[in-house]
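Q: One structure follows; several queries about it will come next.
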Amino acid sequence: MVAETSIRAGTAATNLVAKPIVPSWILDGKPVARQELLSSSADGTASTYFWDCTAGRFNWFYSFDETLHILEGAVTLKFPSGASQRVVAGDTIFFPAGSSAEWTVDNYVRKLAFCRTPLPGFLTFARQLVRRLRRLGGADSGKEGSGLL
């Protein structure tokens, strides 16, 4: 069971700190990026951030899964295939680990990012196996969110 003291609600003000883009990724301009860590999972595999960036063009390489929701502004994404997509406030997009995109921020963009490091295949299989065995053996006793695997 999660202790109530670890549950956090609301943010009165953001506390964005500098999170420079890797210099070799920058293609044009002088984009300034900032982020604020909002939450992270106990096992370190998932985190949530506010992130913003000023005008510029840069590559981004994803070493983790990221689902993002644009809160303000817009960005044009160019994918390795050459296809482009304009993403504006209200849009959501998913980047799987190993993907990349060229970002062009005309003025400013702010997003909410949900990041997750995928588990290796053998661990995913082991977790699924344990869950199946629990269901067969009734180990969960119908309780949701046991916190284990």
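Chain identifiers are assigned as A, B, and so on, following the order in which chains appear in the structure tokens; residues are numbered from 1 within each chain, and ligands are numbered from 1 in order of appearance.
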Counting only C-alpha atoms, which residues in region 110-140 of chain A sit no more than 9 Å from region 42-61 of chain A? For each one, give the nearest pair of atoms and the distance in Å, sorted by chain then residue number, as a tab-separated table.

A:
```
residue	atom	partner	partner_atom	distance
A:Arg110	CA	A:Asp52	CA	4.1
A:Lys111	CA	A:Trp51	CA	5.4
A:Leu112	CA	A:Phe50	CA	4.7
A:Ala113	CA	A:Tyr49	CA	5.1
A:Phe114	CA	A:Thr48	CA	4.6
A:Cys115	CA	A:Ser47	CA	5.2
A:Arg116	CA	A:Ala46	CA	4.2
A:Thr117	CA	A:Thr45	CA	5.0
A:Pro118	CA	A:Thr45	CA	7.4
A:Leu119	CA	A:Thr45	CA	8.1
```

Q: Taking the DSSP secondary structure from the backbone, can you list the residues of region 11-148 of chain A that are strand (DSSP E or B), as a PDB file with N, CA and C atoms, in the first residue's frame?

A:
```pdb
ATOM      1  N   VAL A  17      14.236  24.155 -14.823  1.00  0.00           N
ATOM      2  CA  VAL A  17      15.683  24.381 -14.754  1.00  0.00           C
ATOM      3  C   VAL A  17      16.294  24.067 -16.117  1.00  0.00           C
ATOM      4  N   ALA A  18      17.429  24.687 -16.398  1.00  0.00           N
ATOM      5  CA  ALA A  18      18.099  24.496 -17.687  1.00  0.00           C
ATOM      6  C   ALA A  18      18.361  23.015 -17.955  1.00  0.00           C
ATOM      7  N   ILE A  26      21.958  20.147 -32.345  1.00  0.00           N
ATOM      8  CA  ILE A  26      21.404  21.421 -32.801  1.00  0.00           C
ATOM      9  C   ILE A  26      21.802  21.671 -34.256  1.00  0.00           C
ATOM     10  N   LEU A  27      20.786  21.923 -35.082  1.00  0.00           N
ATOM     11  CA  LEU A  27      20.988  22.138 -36.517  1.00  0.00           C
ATOM     12  C   LEU A  27      20.906  23.607 -36.906  1.00  0.00           C
ATOM     13  N   ASP A  28      20.124  24.399 -36.166  1.00  0.00           N
ATOM     14  CA  ASP A  28      19.928  25.801 -36.507  1.00  0.00           C
ATOM     15  C   ASP A  28      19.422  26.559 -35.286  1.00  0.00           C
ATOM     16  N   ALA A  33      16.390  24.941 -23.790  1.00  0.00           N
ATOM     17  CA  ALA A  33      15.429  23.982 -23.244  1.00  0.00           C
ATOM     18  C   ALA A  33      15.531  23.963 -21.718  1.00  0.00           C
ATOM     19  N   ARG A  34      14.367  23.761 -21.083  1.00  0.00           N
ATOM     20  CA  ARG A  34      14.287  23.646 -19.626  1.00  0.00           C
ATOM     21  C   ARG A  34      13.335  22.507 -19.292  1.00  0.00           C
ATOM     22  N   GLN A  35      13.470  21.966 -18.097  1.00  0.00           N
ATOM     23  CA  GLN A  35      12.547  20.920 -17.662  1.00  0.00           C
ATOM     24  C   GLN A  35      12.334  20.977 -16.166  1.00  0.00           C
ATOM     25  N   GLU A  36      11.246  20.337 -15.755  1.00  0.00           N
ATOM     26  CA  GLU A  36      10.946  20.165 -14.331  1.00  0.00           C
ATOM     27  C   GLU A  36      10.468  18.736 -14.141  1.00  0.00           C
ATOM     28  N   LEU A  37      11.136  18.001 -13.272  1.00  0.00           N
ATOM     29  CA  LEU A  37      10.703  16.650 -12.927  1.00  0.00           C
ATOM     30  C   LEU A  37       9.475  16.754 -12.040  1.00  0.00           C
ATOM     31  N   LEU A  38       8.380  16.140 -12.479  1.00  0.00           N
ATOM     32  CA  LEU A  38       7.140  16.164 -11.701  1.00  0.00           C
ATOM     33  C   LEU A  38       6.971  14.919 -10.852  1.00  0.00           C
ATOM     34  N   SER A  39       7.383  13.774 -11.400  1.00  0.00           N
ATOM     35  CA  SER A  39       7.259  12.518 -10.656  1.00  0.00           C
ATOM     36  C   SER A  39       8.181  11.474 -11.252  1.00  0.00           C
ATOM     37  N   SER A  40       8.506  10.486 -10.444  1.00  0.00           N
ATOM     38  CA  SER A  40       9.247   9.333 -10.949  1.00  0.00           C
ATOM     39  C   SER A  40       8.798   8.098 -10.180  1.00  0.00           C
ATOM     40  N   ALA A  46      10.051   5.006 -14.860  1.00  0.00           N
ATOM     41  CA  ALA A  46       9.078   5.950 -15.420  1.00  0.00           C
ATOM     42  C   ALA A  46       9.209   7.302 -14.729  1.00  0.00           C
ATOM     43  N   SER A  47       9.003   8.364 -15.508  1.00  0.00           N
ATOM     44  CA  SER A  47       9.045   9.709 -14.959  1.00  0.00           C
ATOM     45  C   SER A  47       8.161  10.627 -15.798  1.00  0.00           C
ATOM     46  N   THR A  48       7.780  11.743 -15.191  1.00  0.00           N
ATOM     47  CA  THR A  48       6.922  12.729 -15.849  1.00  0.00           C
ATOM     48  C   THR A  48       7.577  14.097 -15.707  1.00  0.00           C
ATOM     49  N   TYR A  49       7.578  14.856 -16.813  1.00  0.00           N
ATOM     50  CA  TYR A  49       8.247  16.155 -16.838  1.00  0.00           C
ATOM     51  C   TYR A  49       7.385  17.212 -17.506  1.00  0.00           C
ATOM     52  N   PHE A  50       7.578  18.465 -17.082  1.00  0.00           N
ATOM     53  CA  PHE A  50       7.261  19.617 -17.914  1.00  0.00           C
ATOM     54  C   PHE A  50       8.555  19.892 -18.653  1.00  0.00           C
ATOM     55  N   TRP A  51       8.477  20.266 -19.921  1.00  0.00           N
ATOM     56  CA  TRP A  51       9.653  20.611 -20.721  1.00  0.00           C
ATOM     57  C   TRP A  51       9.262  21.743 -21.648  1.00  0.00           C
ATOM     58  N   ASP A  52      10.136  22.715 -21.813  1.00  0.00           N
ATOM     59  CA  ASP A  52       9.866  23.762 -22.782  1.00  0.00           C
ATOM     60  C   ASP A  52      11.132  24.104 -23.549  1.00  0.00           C
ATOM     61  N   CYS A  53      10.945  24.803 -24.679  1.00  0.00           N
ATOM     62  CA  CYS A  53      12.067  25.115 -25.547  1.00  0.00           C
ATOM     63  C   CYS A  53      11.742  26.343 -26.393  1.00  0.00           C
ATOM     64  N   THR A  54      12.761  27.171 -26.597  1.00  0.00           N
ATOM     65  CA  THR A  54      12.627  28.335 -27.463  1.00  0.00           C
ATOM     66  C   THR A  54      12.964  27.939 -28.903  1.00  0.00           C
ATOM     67  N   ALA A  55      12.881  28.911 -29.800  1.00  0.00           N
ATOM     68  CA  ALA A  55      13.055  28.676 -31.236  1.00  0.00           C
ATOM     69  C   ALA A  55      14.387  28.016 -31.574  1.00  0.00           C
ATOM     70  N   GLY A  56      14.321  27.105 -32.542  1.00  0.00           N
ATOM     71  CA  GLY A  56      15.508  26.432 -33.040  1.00  0.00           C
ATOM     72  C   GLY A  56      15.143  25.167 -33.779  1.00  0.00           C
ATOM     73  N   ARG A  57      16.146  24.553 -34.393  1.00  0.00           N
ATOM     74  CA  ARG A  57      15.947  23.285 -35.109  1.00  0.00           C
ATOM     75  C   ARG A  57      17.014  22.322 -34.611  1.00  0.00           C
ATOM     76  N   PHE A  58      16.577  21.120 -34.218  1.00  0.00           N
ATOM     77  CA  PHE A  58      17.502  20.156 -33.625  1.00  0.00           C
ATOM     78  C   PHE A  58      16.980  18.739 -33.809  1.00  0.00           C
ATOM     79  N   ASN A  59      17.899  17.797 -33.748  1.00  0.00           N
ATOM     80  CA  ASN A  59      17.529  16.380 -33.743  1.00  0.00           C
ATOM     81  C   ASN A  59      17.267  15.954 -32.311  1.00  0.00           C
ATOM     82  N   TRP A  60      16.421  14.933 -32.168  1.00  0.00           N
ATOM     83  CA  TRP A  60      16.196  14.332 -30.852  1.00  0.00           C
ATOM     84  C   TRP A  60      16.183  12.827 -31.035  1.00  0.00           C
ATOM     85  N   PHE A  61      16.994  12.151 -30.226  1.00  0.00           N
ATOM     86  CA  PHE A  61      17.118  10.698 -30.282  1.00  0.00           C
ATOM     87  C   PHE A  61      16.580  10.129 -28.978  1.00  0.00           C
ATOM     88  N   ASP A  65      10.911   5.226 -24.100  1.00  0.00           N
ATOM     89  CA  ASP A  65       9.590   5.534 -24.657  1.00  0.00           C
ATOM     90  C   ASP A  65       9.155   6.897 -24.102  1.00  0.00           C
ATOM     91  N   GLU A  66       8.609   7.731 -24.967  1.00  0.00           N
ATOM     92  CA  GLU A  66       8.076   9.013 -24.495  1.00  0.00           C
ATOM     93  C   GLU A  66       6.734   9.297 -25.144  1.00  0.00           C
ATOM     94  N   THR A  67       5.744   9.536 -24.310  1.00  0.00           N
ATOM     95  CA  THR A  67       4.458  10.048 -24.757  1.00  0.00           C
ATOM     96  C   THR A  67       4.427  11.500 -24.326  1.00  0.00           C
ATOM     97  N   LEU A  68       4.165  12.394 -25.279  1.00  0.00           N
ATOM     98  CA  LEU A  68       4.147  13.806 -24.928  1.00  0.00           C
ATOM     99  C   LEU A  68       2.836  14.440 -25.339  1.00  0.00           C
ATOM    100  N   HIS A  69       2.470  15.449 -24.587  1.00  0.00           N
ATOM    101  CA  HIS A  69       1.256  16.220 -24.856  1.00  0.00           C
ATOM    102  C   HIS A  69       1.672  17.681 -24.912  1.00  0.00           C
ATOM    103  N   ILE A  70       1.421  18.325 -26.048  1.00  0.00           N
ATOM    104  CA  ILE A  70       1.790  19.724 -26.212  1.00  0.00           C
ATOM    105  C   ILE A  70       0.806  20.597 -25.425  1.00  0.00           C
ATOM    106  N   LEU A  71       1.342  21.400 -24.520  1.00  0.00           N
ATOM    107  CA  LEU A  71       0.532  22.285 -23.688  1.00  0.00           C
ATOM    108  C   LEU A  71       0.414  23.681 -24.277  1.00  0.00           C
ATOM    109  N   GLU A  72       1.490  24.109 -24.934  1.00  0.00           N
ATOM    110  CA  GLU A  72       1.528  25.478 -25.455  1.00  0.00           C
ATOM    111  C   GLU A  72       2.484  25.518 -26.641  1.00  0.00           C
ATOM    112  N   GLY A  73       2.170  26.327 -27.629  1.00  0.00           N
ATOM    113  CA  GLY A  73       3.047  26.485 -28.783  1.00  0.00           C
ATOM    114  C   GLY A  73       2.886  25.357 -29.785  1.00  0.00           C
ATOM    115  N   ALA A  74       3.915  25.181 -30.597  1.00  0.00           N
ATOM    116  CA  ALA A  74       3.862  24.181 -31.657  1.00  0.00           C
ATOM    117  C   ALA A  74       5.270  23.800 -32.078  1.00  0.00           C
ATOM    118  N   VAL A  75       5.367  22.659 -32.741  1.00  0.00           N
ATOM    119  CA  VAL A  75       6.636  22.168 -33.269  1.00  0.00           C
ATOM    120  C   VAL A  75       6.346  21.409 -34.557  1.00  0.00           C
ATOM    121  N   THR A  76       7.252  21.502 -35.521  1.00  0.00           N
ATOM    122  CA  THR A  76       7.164  20.671 -36.714  1.00  0.00           C
ATOM    123  C   THR A  76       8.172  19.550 -36.545  1.00  0.00           C
ATOM    124  N   LEU A  77       7.680  18.328 -36.649  1.00  0.00           N
ATOM    125  CA  LEU A  77       8.525  17.147 -36.514  1.00  0.00           C
ATOM    126  C   LEU A  77       8.810  16.579 -37.899  1.00  0.00           C
ATOM    127  N   LYS A  78      10.073  16.302 -38.172  1.00  0.00           N
ATOM    128  CA  LYS A  78      10.457  15.646 -39.418  1.00  0.00           C
ATOM    129  C   LYS A  78      11.041  14.294 -39.038  1.00  0.00           C
ATOM    130  N   SER A  84       6.794  14.929 -42.541  1.00  0.00           N
ATOM    131  CA  SER A  84       6.737  15.955 -41.506  1.00  0.00           C
ATOM    132  C   SER A  84       5.334  16.027 -40.926  1.00  0.00           C
ATOM    133  N   GLN A  85       5.259  16.459 -39.677  1.00  0.00           N
ATOM    134  CA  GLN A  85       3.967  16.629 -39.016  1.00  0.00           C
ATOM    135  C   GLN A  85       4.043  17.829 -38.089  1.00  0.00           C
ATOM    136  N   ARG A  86       3.061  18.690 -38.174  1.00  0.00           N
ATOM    137  CA  ARG A  86       2.959  19.839 -37.269  1.00  0.00           C
ATOM    138  C   ARG A  86       2.185  19.376 -36.040  1.00  0.00           C
ATOM    139  N   VAL A  87       2.735  19.616 -34.869  1.00  0.00           N
ATOM    140  CA  VAL A  87       2.109  19.223 -33.611  1.00  0.00           C
ATOM    141  C   VAL A  87       1.858  20.506 -32.824  1.00  0.00           C
ATOM    142  N   VAL A  88       0.607  20.712 -32.409  1.00  0.00           N
ATOM    143  CA  VAL A  88       0.202  21.956 -31.747  1.00  0.00           C
ATOM    144  C   VAL A  88      -0.413  21.653 -30.384  1.00  0.00           C
ATOM    145  N   THR A  92      -1.094  14.952 -28.944  1.00  0.00           N
ATOM    146  CA  THR A  92      -0.312  13.960 -28.223  1.00  0.00           C
ATOM    147  C   THR A  92       0.406  13.094 -29.244  1.00  0.00           C
ATOM    148  N   ILE A  93       1.642  12.714 -28.928  1.00  0.00           N
ATOM    149  CA  ILE A  93       2.422  11.870 -29.835  1.00  0.00           C
ATOM    150  C   ILE A  93       3.270  10.913 -29.002  1.00  0.00           C
ATOM    151  N   PHE A  94       3.548   9.737 -29.559  1.00  0.00           N
ATOM    152  CA  PHE A  94       4.345   8.716 -28.880  1.00  0.00           C
ATOM    153  C   PHE A  94       5.609   8.449 -29.679  1.00  0.00           C
ATOM    154  N   PHE A  95       6.751   8.471 -29.001  1.00  0.00           N
ATOM    155  CA  PHE A  95       8.041   8.112 -29.588  1.00  0.00           C
ATOM    156  C   PHE A  95       8.555   6.866 -28.869  1.00  0.00           C
ATOM    157  N   SER A 100      13.734   8.604 -33.609  1.00  0.00           N
ATOM    158  CA  SER A 100      14.319   9.939 -33.637  1.00  0.00           C
ATOM    159  C   SER A 100      13.435  10.846 -34.475  1.00  0.00           C
ATOM    160  N   ALA A 101      13.619  12.145 -34.304  1.00  0.00           N
ATOM    161  CA  ALA A 101      12.886  13.131 -35.089  1.00  0.00           C
ATOM    162  C   ALA A 101      13.675  14.431 -35.084  1.00  0.00           C
ATOM    163  N   GLU A 102      13.509  15.184 -36.147  1.00  0.00           N
ATOM    164  CA  GLU A 102      14.065  16.528 -36.202  1.00  0.00           C
ATOM    165  C   GLU A 102      12.961  17.476 -35.736  1.00  0.00           C
ATOM    166  N   TRP A 103      13.256  18.294 -34.759  1.00  0.00           N
ATOM    167  CA  TRP A 103      12.303  19.239 -34.201  1.00  0.00           C
ATOM    168  C   TRP A 103      12.588  20.627 -34.750  1.00  0.00           C
ATOM    169  N   THR A 104      11.563  21.320 -35.226  1.00  0.00           N
ATOM    170  CA  THR A 104      11.678  22.728 -35.580  1.00  0.00           C
ATOM    171  C   THR A 104      10.669  23.499 -34.742  1.00  0.00           C
ATOM    172  N   VAL A 105      11.197  24.296 -33.834  1.00  0.00           N
ATOM    173  CA  VAL A 105      10.370  25.131 -32.963  1.00  0.00           C
ATOM    174  C   VAL A 105      10.466  26.549 -33.513  1.00  0.00           C
ATOM    175  N   ASP A 106       9.348  27.076 -34.024  1.00  0.00           N
ATOM    176  CA  ASP A 106       9.363  28.426 -34.601  1.00  0.00           C
ATOM    177  C   ASP A 106       9.507  29.497 -33.534  1.00  0.00           C
ATOM    178  N   ASN A 107       8.792  29.375 -32.444  1.00  0.00           N
ATOM    179  CA  ASN A 107       8.825  30.375 -31.373  1.00  0.00           C
ATOM    180  C   ASN A 107       9.077  29.742 -30.011  1.00  0.00           C
ATOM    181  N   TYR A 108       8.147  28.867 -29.616  1.00  0.00           N
ATOM    182  CA  TYR A 108       8.186  28.299 -28.266  1.00  0.00           C
ATOM    183  C   TYR A 108       7.294  27.067 -28.249  1.00  0.00           C
ATOM    184  N   VAL A 109       7.695  26.073 -27.463  1.00  0.00           N
ATOM    185  CA  VAL A 109       6.858  24.900 -27.253  1.00  0.00           C
ATOM    186  C   VAL A 109       7.001  24.463 -25.796  1.00  0.00           C
ATOM    187  N   ARG A 110       5.883  24.026 -25.224  1.00  0.00           N
ATOM    188  CA  ARG A 110       5.882  23.486 -23.863  1.00  0.00           C
ATOM    189  C   ARG A 110       5.095  22.189 -23.899  1.00  0.00           C
ATOM    190  N   LYS A 111       5.658  21.155 -23.274  1.00  0.00           N
ATOM    191  CA  LYS A 111       5.000  19.843 -23.298  1.00  0.00           C
ATOM    192  C   LYS A 111       5.003  19.219 -21.912  1.00  0.00           C
ATOM    193  N   LEU A 112       4.112  18.267 -21.752  1.00  0.00           N
ATOM    194  CA  LEU A 112       4.086  17.365 -20.616  1.00  0.00           C
ATOM    195  C   LEU A 112       4.561  16.036 -21.170  1.00  0.00           C
ATOM    196  N   ALA A 113       5.631  15.489 -20.608  1.00  0.00           N
ATOM    197  CA  ALA A 113       6.234  14.272 -21.148  1.00  0.00           C
ATOM    198  C   ALA A 113       6.163  13.137 -20.138  1.00  0.00           C
ATOM    199  N   PHE A 114       5.686  12.001 -20.608  1.00  0.00           N
ATOM    200  CA  PHE A 114       5.642  10.774 -19.812  1.00  0.00           C
ATOM    201  C   PHE A 114       6.706   9.847 -20.396  1.00  0.00           C
ATOM    202  N   CYS A 115       7.754   9.571 -19.628  1.00  0.00           N
ATOM    203  CA  CYS A 115       8.896   8.801 -20.118  1.00  0.00           C
ATOM    204  C   CYS A 115       8.986   7.467 -19.385  1.00  0.00           C
ATOM    205  N   ARG A 116       9.311   6.427 -20.150  1.00  0.00           N
ATOM    206  CA  ARG A 116       9.419   5.090 -19.556  1.00  0.00           C
ATOM    207  C   ARG A 116      10.543   4.331 -20.233  1.00  0.00           C
TER     208      ARG A 116
END
```

Q: Looking only at helix (DSSP H, G or I) from DSSP on the backbone, list the matching residues of region 19-127 of chain A as a PyMOL selection string.

A: chain A and resi 23-25+121-127

Q: Now that the selection is made, can you save its residues with C-alpha atoms as a short mmCIF file (atom, residue, chain, number, x, y, z; two decimals), in the first residue's frame?

A:
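As a result, part.cif now contains:
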```cif
data_model
loop_
_atom_site.label_atom_id
_atom_site.label_comp_id
_atom_site.auth_asym_id
_atom_site.auth_seq_id
_atom_site.Cartn_x
_atom_site.Cartn_y
_atom_site.Cartn_z
CA PRO A 23 25.12 20.58 -28.81
CA SER A 24 25.81 18.17 -31.70
CA TRP A 25 22.03 17.70 -32.12
CA GLY A 121 12.28 -8.82 -23.06
CA PHE A 122 13.21 -11.54 -20.57
CA LEU A 123 12.01 -9.39 -17.64
CA THR A 124 8.74 -8.57 -19.40
CA PHE A 125 8.20 -12.30 -20.00
CA ALA A 126 9.01 -13.13 -16.35
CA ARG A 127 6.59 -10.44 -15.11
#
```

Q: To one decimal in Å, tell me the separation between CA of Leu16 (chain A) and CA of Val32 (chain A).

A: 11.6 Å
